[in-house]
$ cat my_file.pdb   # PDB, C-alpha atoms
ATOM      1  CA  MET A   1     -86.702  33.510-139.503
ATOM      2  CA  GLU A   2     -87.509  30.618-137.205
ATOM      3  CA  ASP A   3     -89.330  31.345-133.937
ATOM      4  CA  PHE A   4     -87.084  29.815-131.289
ATOM      5  CA  LEU A   5     -89.849  29.604-128.687
ATOM      6  CA  THR A   6     -91.980  27.415-130.941
ATOM      7  CA  THR A   7     -89.040  25.097-131.567
ATOM      8  CA  LEU A   8     -88.756  24.558-127.817
ATOM      9  CA  GLN A   9     -92.247  23.025-127.795
ATOM     10  CA  VAL A  10     -93.456  22.569-124.195
ATOM     11  CA  GLU A  11     -90.310  24.223-122.812
ATOM     12  CA  GLY A  12     -91.305  27.452-124.544
ATOM     13  CA  PHE A  13     -94.924  27.314-123.343
ATOM     14  CA  THR A  14     -94.754  29.858-120.501
ATOM     15  CA  SER A  15     -92.647  32.262-122.555
ATOM     16  CA  ARG A  16     -95.117  32.075-125.430
ATOM     17  CA  LEU A  17     -98.022  32.809-123.065
ATOM     18  CA  LYS A  18     -96.100  35.768-121.665
ATOM     19  CA  ARG A  19     -95.234  37.017-125.147
ATOM     20  CA  LEU A  20     -98.857  36.763-126.261
ATOM     21  CA  SER A  21    -100.012  38.539-123.112
ATOM     22  CA  ASP A  22     -97.471  41.323-123.670
ATOM     23  CA  VAL A  23     -98.506  41.796-127.311
ATOM     24  CA  LEU A  24    -102.156  42.173-126.298
ATOM     25  CA  LEU A  25    -101.351  44.325-123.271
ATOM     26  CA  TYR A  26     -99.140  46.814-125.114
ATOM     27  CA  ALA A  27    -101.502  47.032-128.086
ATOM     28  CA  THR A  28    -104.441  47.642-125.735
ATOM     29  CA  ARG A  29    -102.534  50.314-123.827
ATOM     30  CA  ASP A  30    -101.658  52.015-127.138
ATOM     31  CA  LEU A  31    -105.276  51.734-128.314
ATOM     32  CA  TYR A  32    -106.551  53.440-125.155
ATOM     33  CA  LYS A  33    -103.976  56.209-125.532
ATOM     34  CA  THR A  34    -104.915  56.701-129.206
ATOM     35  CA  GLU A  35    -108.611  56.831-128.286
ATOM     36  CA  GLY A  36    -107.944  59.339-125.498
ATOM     37  CA  VAL A  37    -109.013  57.008-122.698
ATOM     38  CA  ASP A  38    -106.833  57.206-119.584
ATOM     39  CA  ILE A  39    -107.171  53.641-118.299
ATOM     40  CA  GLU A  40    -104.922  50.604-118.129
ATOM     41  CA  PRO A  41    -105.722  47.298-119.872
ATOM     42  CA  ASN A  42    -106.317  45.307-116.689
ATOM     43  CA  TRP A  43    -108.650  47.854-115.083
ATOM     44  CA  ASN A  44    -111.634  46.320-116.823
ATOM     45  CA  LEU A  45    -111.524  43.558-114.202
ATOM     46  CA  VAL A  46    -112.260  46.026-111.402
ATOM     47  CA  PHE A  47    -114.689  48.056-113.513
ATOM     48  CA  ARG A  48    -116.705  44.929-114.298
ATOM     49  CA  LEU A  49    -116.745  43.695-110.709
ATOM     50  CA  LEU A  50    -117.853  47.049-109.340
ATOM     51  CA  GLN A  51    -120.496  47.419-112.036
ATOM     52  CA  GLU A  52    -121.917  44.066-111.025
ATOM     53  CA  HIS A  53    -121.545  44.367-107.236
ATOM     54  CA  ASP A  54    -121.581  48.162-106.649
ATOM     55  CA  ALA A  55    -119.087  47.919-103.775
ATOM     56  CA  LEU A  56    -116.450  45.381-102.753
ATOM     57  CA  THR A  57    -113.379  45.095-100.559
ATOM     58  CA  ILE A  58    -109.940  44.307-101.946
ATOM     59  CA  THR A  59    -110.195  40.833-100.433
ATOM     60  CA  GLU A  60    -113.534  40.180-102.140
ATOM     61  CA  MET A  61    -112.097  41.333-105.476
ATOM     62  CA  SER A  62    -109.007  39.222-104.985
ATOM     63  CA  GLU A  63    -111.112  36.128-104.314
ATOM     64  CA  ARG A  64    -113.445  36.703-107.263
ATOM     65  CA  LEU A  65    -110.590  37.398-109.687
ATOM     66  CA  GLN A  66    -108.358  34.696-108.200
ATOM     67  CA  LEU A  67    -105.522  37.215-108.163
ATOM     68  CA  SER A  68    -103.222  37.935-105.262
ATOM     69  CA  HIS A  69    -104.185  40.620-102.775
ATOM     70  CA  PRO A  70    -101.096  42.734-103.709
ATOM     71  CA  ALA A  71    -101.968  42.488-107.418
ATOM     72  CA  VAL A  72    -105.474  43.833-106.800
ATOM     73  CA  VAL A  73    -104.118  46.547-104.466
ATOM     74  CA  LYS A  74    -101.784  47.673-107.256
ATOM     75  CA  ILE A  75    -104.616  47.936-109.805
ATOM     76  CA  VAL A  76    -106.947  49.726-107.379
ATOM     77  CA  LYS A  77    -104.239  52.163-106.280
ATOM     78  CA  LYS A  78    -103.706  53.259-109.894
ATOM     79  CA  MET A  79    -107.456  53.512-110.469
ATOM     80  CA  LYS A  80    -107.846  55.663-107.350
ATOM     81  CA  LYS A  81    -105.030  57.946-108.495
ATOM     82  CA  SER A  82    -106.785  58.393-111.861
ATOM     83  CA  GLY A  83    -110.098  59.087-110.162
ATOM     84  CA  TYR A  84    -112.015  55.954-111.192
ATOM     85  CA  VAL A  85    -112.336  54.261-107.805
ATOM     86  CA  GLU A  86    -113.009  55.635-104.349
ATOM     87  CA  ALA A  87    -112.751  53.984-100.955
ATOM     88  CA  VAL A  88    -115.048  54.434 -98.005
ATOM     89  CA  SER A  89    -114.628  52.908 -94.568
ATOM     90  CA  ASP A  90    -116.886  50.002 -93.679
ATOM     91  CA  ARG A  91    -119.508  51.072 -91.114
ATOM     92  CA  GLU A  92    -118.973  47.962 -88.989
ATOM     93  CA  ASP A  93    -115.186  47.600 -89.342
ATOM     94  CA  LYS A  94    -113.425  50.926 -89.942
ATOM     95  CA  ARG A  95    -110.243  49.077 -90.978
ATOM     96  CA  LYS A  96    -112.011  47.694 -94.069
ATOM     97  CA  GLN A  97    -112.113  49.815 -97.178
ATOM     98  CA  ILE A  98    -115.145  49.430 -99.434
ATOM     99  CA  LEU A  99    -114.390  50.309-103.046
ATOM    100  CA  LYS A 100    -116.841  51.905-105.449
ATOM    101  CA  LEU A 101    -116.723  53.432-108.896
ATOM    102  CA  THR A 102    -116.528  57.222-108.832
ATOM    103  CA  PRO A 103    -118.866  59.578-110.703
ATOM    104  CA  LYS A 104    -116.028  60.021-113.236
ATOM    105  CA  ALA A 105    -116.023  56.272-113.859
ATOM    106  CA  GLN A 106    -119.816  56.225-114.163
ATOM    107  CA  ARG A 107    -119.677  59.019-116.757
ATOM    108  CA  GLN A 108    -116.965  57.372-118.865
ATOM    109  CA  ILE A 109    -118.022  53.753-118.613
ATOM    110  CA  LYS A 110    -120.183  53.837-121.783
ATOM    111  CA  THR A 111    -117.256  55.122-123.856
ATOM    112  CA  ILE A 112    -114.954  52.519-122.346
ATOM    113  CA  GLU A 113    -117.487  49.730-122.928
ATOM    114  CA  VAL A 114    -117.489  50.499-126.657
ATOM    115  CA  LEU A 115    -113.760  49.811-126.691
ATOM    116  CA  TRP A 116    -114.178  46.624-124.669
ATOM    117  CA  GLU A 117    -116.893  45.358-127.013
ATOM    118  CA  ALA A 118    -114.702  45.984-130.074
ATOM    119  CA  GLN A 119    -111.817  44.211-128.336
ATOM    120  CA  ASN A 120    -114.038  41.254-127.484
ATOM    121  CA  GLN A 121    -115.149  40.974-131.100
ATOM    122  CA  VAL A 122    -111.536  40.975-132.299
ATOM    123  CA  LEU A 123    -110.577  38.354-129.712
ATOM    124  CA  GLU A 124    -113.511  36.175-130.813
ATOM    125  CA  GLN A 125    -112.224  36.434-134.390
ATOM    126  CA  LEU A 126    -108.718  35.510-133.275
ATOM    127  CA  LEU A 127    -110.052  32.547-131.293
ATOM    128  CA  ALA A 128    -112.370  31.342-134.071
ATOM    129  CA  GLU A 129    -109.842  28.803-135.316
ATOM    130  CA  SER A 130    -109.209  27.609-131.741
ATOM    131  CA  PRO A 131    -112.742  27.219-130.411
ATOM    132  CA  HIS A 132    -111.694  25.179-127.376
ATOM    133  CA  LEU A 133    -108.754  27.294-126.268
ATOM    134  CA  LEU A 134    -110.592  29.027-123.411
ATOM    135  CA  GLU A 135    -112.007  25.714-122.216
ATOM    136  CA  GLU A 136    -108.555  24.112-122.341
ATOM    137  CA  LEU A 137    -107.086  27.072-120.482
ATOM    138  CA  GLY A 138    -109.724  26.513-117.819
ATOM    139  CA  HIS A 139    -108.622  22.884-117.475
ATOM    140  CA  ILE A 140    -105.017  23.960-116.905
ATOM    141  CA  GLU A 141    -106.078  26.591-114.369
ATOM    142  CA  LYS A 142    -108.223  24.049-112.528
ATOM    143  CA  ARG A 143    -105.381  21.563-112.306
ATOM    144  CA  LEU A 144    -103.010  24.241-111.022
ATOM    145  CA  ASN A 145    -105.580  25.236-108.395
ATOM    146  CA  GLU A 146    -105.694  21.610-107.260
ATOM    147  CA  GLN A 147    -101.894  21.509-106.926
ATOM    148  CA  ASP A 148     -99.615  24.412-107.791
ATOM    149  CA  TYR A 149     -96.867  24.279-110.375
ATOM    150  CA  LYS A 150     -93.991  24.498-107.897
ATOM    151  CA  GLN A 151     -95.244  21.497-105.941
ATOM    152  CA  ARG A 152     -95.788  19.504-109.124
ATOM    153  CA  VAL A 153     -92.170  20.145-110.168
ATOM    154  CA  ARG A 154     -90.864  19.301-106.683
ATOM    155  CA  ASP A 155     -92.854  16.043-106.790
ATOM    156  CA  LYS A 156     -91.210  15.205-110.127
ATOM    157  CA  LEU A 157     -87.764  15.947-108.710
ATOM    158  CA  ASN A 158     -88.410  13.710-105.708
ATOM    159  CA  ALA A 159     -89.914  10.825-107.679
TER     160      ALA A 159
END
$ encode --input "my_file.pdb" --output "structure tokens"
Amino acid sequence: MEDFLTTLQVEGFTSRLKRLSDVLLYATRDLYKTEGVDIEPNWNLVFRLLQEHDALTITEMSERLQLSHPAVVKIVKKMKKSGYVEAVSDREDKRKQILKLTPKAQRQIKTIEVLWEAQNQVLEQLLAESPHLLEELGHIEKRLNEQDYKQRVRDKLNA
């Protein structure tokens, strides 16, 4: 059967990205469940940041990940609930919450890293025939950071 999204060419681009993301997300979630690991697929972003920086605020994470503040809050809230992240008040500004990995996270990180490494190897295999895909994705992201998609479309409409 024909894949309608591919027939749409550029018009199907965003839907194909979403579909690909969903396939990887749901498979990863199922993998973690099968392996008995109680984490979500996108938590690795916070794990990695806190491994590298020990402690960060939501704002610092948001800036480093280039994700919205609410998106990072949502991830961190789930991680806190599962006992992987803890928040402590900043000594200088009590309104600021400094996030750190919990002892539970520290204990389980080696097990989780084995899964991440296997996933990375599989992704490298999948990308082998498209060696420039990540670089090209970076070009698109850079251009959208220079001027967002909505404004680009509005400019086209007003031209």
$ atom_distance --input "my_file.pdb" --atom1 "atom CA of A:Leu99" --atom2 "atom CA of A:Ser62"
12.5 Å
$ closest_atom_pairs --input "my_file.pdb" --of "stretch 99-132 of chain A" --to "stretch 44-56 of chain A" --cutoff "10 Å" --atoms "all atoms listed in the file" --output "JSON lines"
{"residue": "A:Leu99", "atom": "CA", "partner": "A:Ala55", "partner_atom": "CA", "distance": 5.3}
{"residue": "A:Lys100", "atom": "CA", "partner": "A:Ala55", "partner_atom": "CA", "distance": 4.9}
{"residue": "A:Leu101", "atom": "CA", "partner": "A:Leu50", "partner_atom": "CA", "distance": 6.5}
{"residue": "A:Ala105", "atom": "CA", "partner": "A:Phe47", "partner_atom": "CA", "distance": 8.3}
{"residue": "A:Gln106", "atom": "CA", "partner": "A:Gln51", "partner_atom": "CA", "distance": 9.1}
{"residue": "A:Ile109", "atom": "CA", "partner": "A:Phe47", "partner_atom": "CA", "distance": 8.3}
{"residue": "A:Ile112", "atom": "CA", "partner": "A:Asn44", "partner_atom": "CA", "distance": 8.9}
{"residue": "A:Glu113", "atom": "CA", "partner": "A:Asn44", "partner_atom": "CA", "distance": 9.1}
{"residue": "A:Trp116", "atom": "CA", "partner": "A:Asn44", "partner_atom": "CA", "distance": 8.3}
$ write_last_selection --input "my_file.pdb" --atoms "C-alpha atoms" --output "compact mmCIF listing (two decimals), keeping the file's coordinate frame"
# COMPACT_ATOMS: atom_id res chain seq x y z
CA LEU A 99 -114.39 50.31 -103.05
CA LYS A 100 -116.84 51.90 -105.45
CA LEU A 101 -116.72 53.43 -108.90
CA ALA A 105 -116.02 56.27 -113.86
CA GLN A 106 -119.82 56.22 -114.16
CA ILE A 109 -118.02 53.75 -118.61
CA ILE A 112 -114.95 52.52 -122.35
CA GLU A 113 -117.49 49.73 -122.93
CA TRP A 116 -114.18 46.62 -124.67
$ resolve_selection --input "my_file.pdb" --expression "the PyMOL selection byres ((chain A and resi 59) around 12)" --output "mmCIF file with C-alpha atoms, in the coordinates of the input"
data_model
loop_
_atom_site.group_PDB
_atom_site.id
_atom_site.type_symbol
_atom_site.label_atom_id
_atom_site.label_comp_id
_atom_site.auth_asym_id
_atom_site.auth_seq_id
_atom_site.Cartn_x
_atom_site.Cartn_y
_atom_site.Cartn_z
ATOM 1 C CA ALA A 55 -119.087 47.919 -103.775
ATOM 2 C CA LEU A 56 -116.450 45.381 -102.753
ATOM 3 C CA THR A 57 -113.379 45.095 -100.559
ATOM 4 C CA ILE A 58 -109.940 44.307 -101.946
ATOM 5 C CA GLU A 60 -113.534 40.180 -102.140
ATOM 6 C CA MET A 61 -112.097 41.333 -105.476
ATOM 7 C CA SER A 62 -109.007 39.222 -104.985
ATOM 8 C CA GLU A 63 -111.112 36.128 -104.314
ATOM 9 C CA ARG A 64 -113.445 36.703 -107.263
ATOM 10 C CA LEU A 65 -110.590 37.398 -109.687
ATOM 11 C CA GLN A 66 -108.358 34.696 -108.200
ATOM 12 C CA LEU A 67 -105.522 37.215 -108.163
ATOM 13 C CA SER A 68 -103.222 37.935 -105.262
ATOM 14 C CA HIS A 69 -104.185 40.620 -102.775
ATOM 15 C CA PRO A 70 -101.096 42.734 -103.709
ATOM 16 C CA ALA A 71 -101.968 42.488 -107.418
ATOM 17 C CA VAL A 72 -105.474 43.833 -106.800
ATOM 18 C CA VAL A 73 -104.118 46.547 -104.466
ATOM 19 C CA VAL A 76 -106.947 49.726 -107.379
ATOM 20 C CA LYS A 96 -112.011 47.694 -94.069
ATOM 21 C CA GLN A 97 -112.113 49.815 -97.178
ATOM 22 C CA ILE A 98 -115.145 49.430 -99.434
ATOM 23 C CA LEU A 99 -114.390 50.309 -103.046
#
$ atom_distance --input "my_file.pdb" --atom1 "atom CA of A:Lys18" --atom2 "atom CA of A:Lys80"
27.2 Å
$ atom_distance --input "my_file.pdb" --atom1 "atom CA of A:Ile140" --atom2 "atom CA of A:Val153"
15.0 Å
$ closest_residue --input "my_file.pdb" --among "A:Ser89, A:Gln147, A:Asn158, A:Thr111" --to "A:Val37" --atoms "all atoms listed in the file"
A:Thr111
$ axis_aligned_box --input "my_file.pdb" --around "stretch 29-43 of chain A" --padding-each-side "6 Å" --output "JSON"
{"center_x": -105.3, "center_y": 52.3, "center_z": -122.1, "size_x": 19.4, "size_y": 26.0, "size_z": 26.1}
$ resolve_selection --input "my_file.pdb" --expression "the PyMOL selection byres ((chain A and resi 102) around 6)" --output "ChimeraX atom specification"
/A:84-86,101,103-105
$ closest_residue --input "my_file.pdb" --among "A:Lys33, A:Thr28, A:His132, A:Lys78" --to "A:Ala118" --atoms "all atoms listed in the file"
A:Thr28
$ residues_around --input "my_file.pdb" --residues "A:Leu24" --least-positions-apart "4" --cutoff "12 Å" --atoms "all atoms listed in the file" --output "list in words"
Leu17, Lys18, Arg19, Leu20, Thr28, Arg29, Asp30, Leu31, Pro41, Asn42, Gln119, Asn120, Val122, Leu123 and Leu126 of chain A
$ closest_residue --input "my_file.pdb" --among "A:Gln125, A:Gln108, A:Gln9, A:Ser21" --to "A:Gly83" --atoms "all atoms listed in the file"
A:Gln108
$ decode --input "my_file.pdb" --residues "stretch 106-141 of chain A" --atoms "N, CA and C atoms" --output "tab-separated table (two decimals), in the first residue's frame"
chain	number	residue	atom	x	y	z
A	106	GLN	N	21.57	7.97	40.85
A	106	GLN	CA	23.00	7.63	40.83
A	106	GLN	C	23.21	6.12	40.83
A	107	ARG	N	22.37	5.40	41.59
A	107	ARG	CA	22.49	3.94	41.64
A	107	ARG	C	22.10	3.28	40.32
A	108	GLN	N	21.10	3.82	39.65
A	108	GLN	CA	20.56	3.17	38.45
A	108	GLN	C	21.17	3.67	37.14
A	109	ILE	N	21.96	4.71	37.22
A	109	ILE	CA	22.45	5.33	35.99
A	109	ILE	C	23.29	4.36	35.13
A	110	LYS	N	24.07	3.51	35.74
A	110	LYS	CA	24.90	2.56	34.96
A	110	LYS	C	24.02	1.61	34.16
A	111	THR	N	22.96	1.11	34.76
A	111	THR	CA	22.02	0.22	34.07
A	111	THR	C	21.36	0.96	32.91
A	112	ILE	N	20.94	2.18	33.18
A	112	ILE	CA	20.27	2.99	32.16
A	112	ILE	C	21.23	3.33	31.02
A	113	GLU	N	22.48	3.60	31.35
A	113	GLU	CA	23.47	3.94	30.32
A	113	GLU	C	23.72	2.79	29.35
A	114	VAL	N	23.60	1.56	29.82
A	114	VAL	CA	23.75	0.40	28.94
A	114	VAL	C	22.65	0.44	27.87
A	115	LEU	N	21.44	0.77	28.30
A	115	LEU	CA	20.34	0.88	27.34
A	115	LEU	C	20.58	2.02	26.36
A	116	TRP	N	21.01	3.16	26.87
A	116	TRP	CA	21.28	4.30	25.99
A	116	TRP	C	22.36	3.98	24.98
A	117	GLU	N	23.40	3.29	25.41
A	117	GLU	CA	24.50	2.94	24.48
A	117	GLU	C	23.99	2.01	23.38
A	118	ALA	N	23.18	1.02	23.74
A	118	ALA	CA	22.62	0.11	22.74
A	118	ALA	C	21.72	0.89	21.78
A	119	GLN	N	20.93	1.81	22.30
A	119	GLN	CA	20.07	2.63	21.45
A	119	GLN	C	20.91	3.48	20.50
A	120	ASN	N	21.96	4.08	21.00
A	120	ASN	CA	22.83	4.89	20.16
A	120	ASN	C	23.45	4.07	19.04
A	121	GLN	N	23.84	2.85	19.34
A	121	GLN	CA	24.42	1.99	18.31
A	121	GLN	C	23.40	1.66	17.23
A	122	VAL	N	22.16	1.40	17.64
A	122	VAL	CA	21.10	1.10	16.67
A	122	VAL	C	20.81	2.34	15.83
A	123	LEU	N	20.74	3.50	16.45
A	123	LEU	CA	20.51	4.74	15.70
A	123	LEU	C	21.64	5.00	14.70
A	124	GLU	N	22.87	4.74	15.10
A	124	GLU	CA	24.00	4.91	14.18
A	124	GLU	C	23.85	3.98	12.99
A	125	GLN	N	23.39	2.75	13.22
A	125	GLN	CA	23.15	1.82	12.12
A	125	GLN	C	22.05	2.34	11.19
A	126	LEU	N	20.98	2.86	11.80
A	126	LEU	CA	19.87	3.38	11.01
A	126	LEU	C	20.28	4.61	10.20
A	127	LEU	N	21.19	5.39	10.75
A	127	LEU	CA	21.64	6.61	10.07
A	127	LEU	C	22.81	6.37	9.10
A	128	ALA	N	23.33	5.17	9.07
A	128	ALA	CA	24.52	4.87	8.26
A	128	ALA	C	24.32	5.22	6.79
A	129	GLU	N	23.13	5.01	6.28
A	129	GLU	CA	22.88	5.31	4.87
A	129	GLU	C	22.52	6.78	4.65
A	130	SER	N	22.42	7.53	5.73
A	130	SER	CA	22.12	8.97	5.65
A	130	SER	C	23.12	9.72	6.52
A	131	PRO	N	24.40	9.66	6.15
A	131	PRO	CA	25.44	10.18	7.03
A	131	PRO	C	25.38	11.67	7.32
A	132	HIS	N	24.63	12.41	6.53
A	132	HIS	CA	24.57	13.87	6.73
A	132	HIS	C	23.25	14.32	7.35
A	133	LEU	N	22.40	13.37	7.71
A	133	LEU	CA	21.08	13.73	8.20
A	133	LEU	C	21.13	14.63	9.44
A	134	LEU	N	21.97	14.29	10.40
A	134	LEU	CA	22.05	15.11	11.62
A	134	LEU	C	22.59	16.52	11.31
A	135	GLU	N	23.55	16.58	10.42
A	135	GLU	CA	24.09	17.88	10.00
A	135	GLU	C	23.01	18.71	9.30
A	136	GLU	N	22.27	18.07	8.42
A	136	GLU	CA	21.19	18.77	7.70
A	136	GLU	C	20.10	19.21	8.67
A	137	LEU	N	19.78	18.38	9.63
A	137	LEU	CA	18.81	18.75	10.66
A	137	LEU	C	19.28	19.98	11.42
A	138	GLY	N	20.56	20.03	11.70
A	138	GLY	CA	21.15	21.19	12.36
A	138	GLY	C	20.99	22.46	11.54
A	139	HIS	N	21.13	22.33	10.22
A	139	HIS	CA	20.95	23.51	9.34
A	139	HIS	C	19.51	24.02	9.43
A	140	ILE	N	18.56	23.11	9.42
A	140	ILE	CA	17.15	23.51	9.51
A	140	ILE	C	16.88	24.18	10.86
A	141	GLU	N	17.39	23.58	11.93
A	141	GLU	CA	17.20	24.15	13.26
A	141	GLU	C	17.81	25.55	13.35
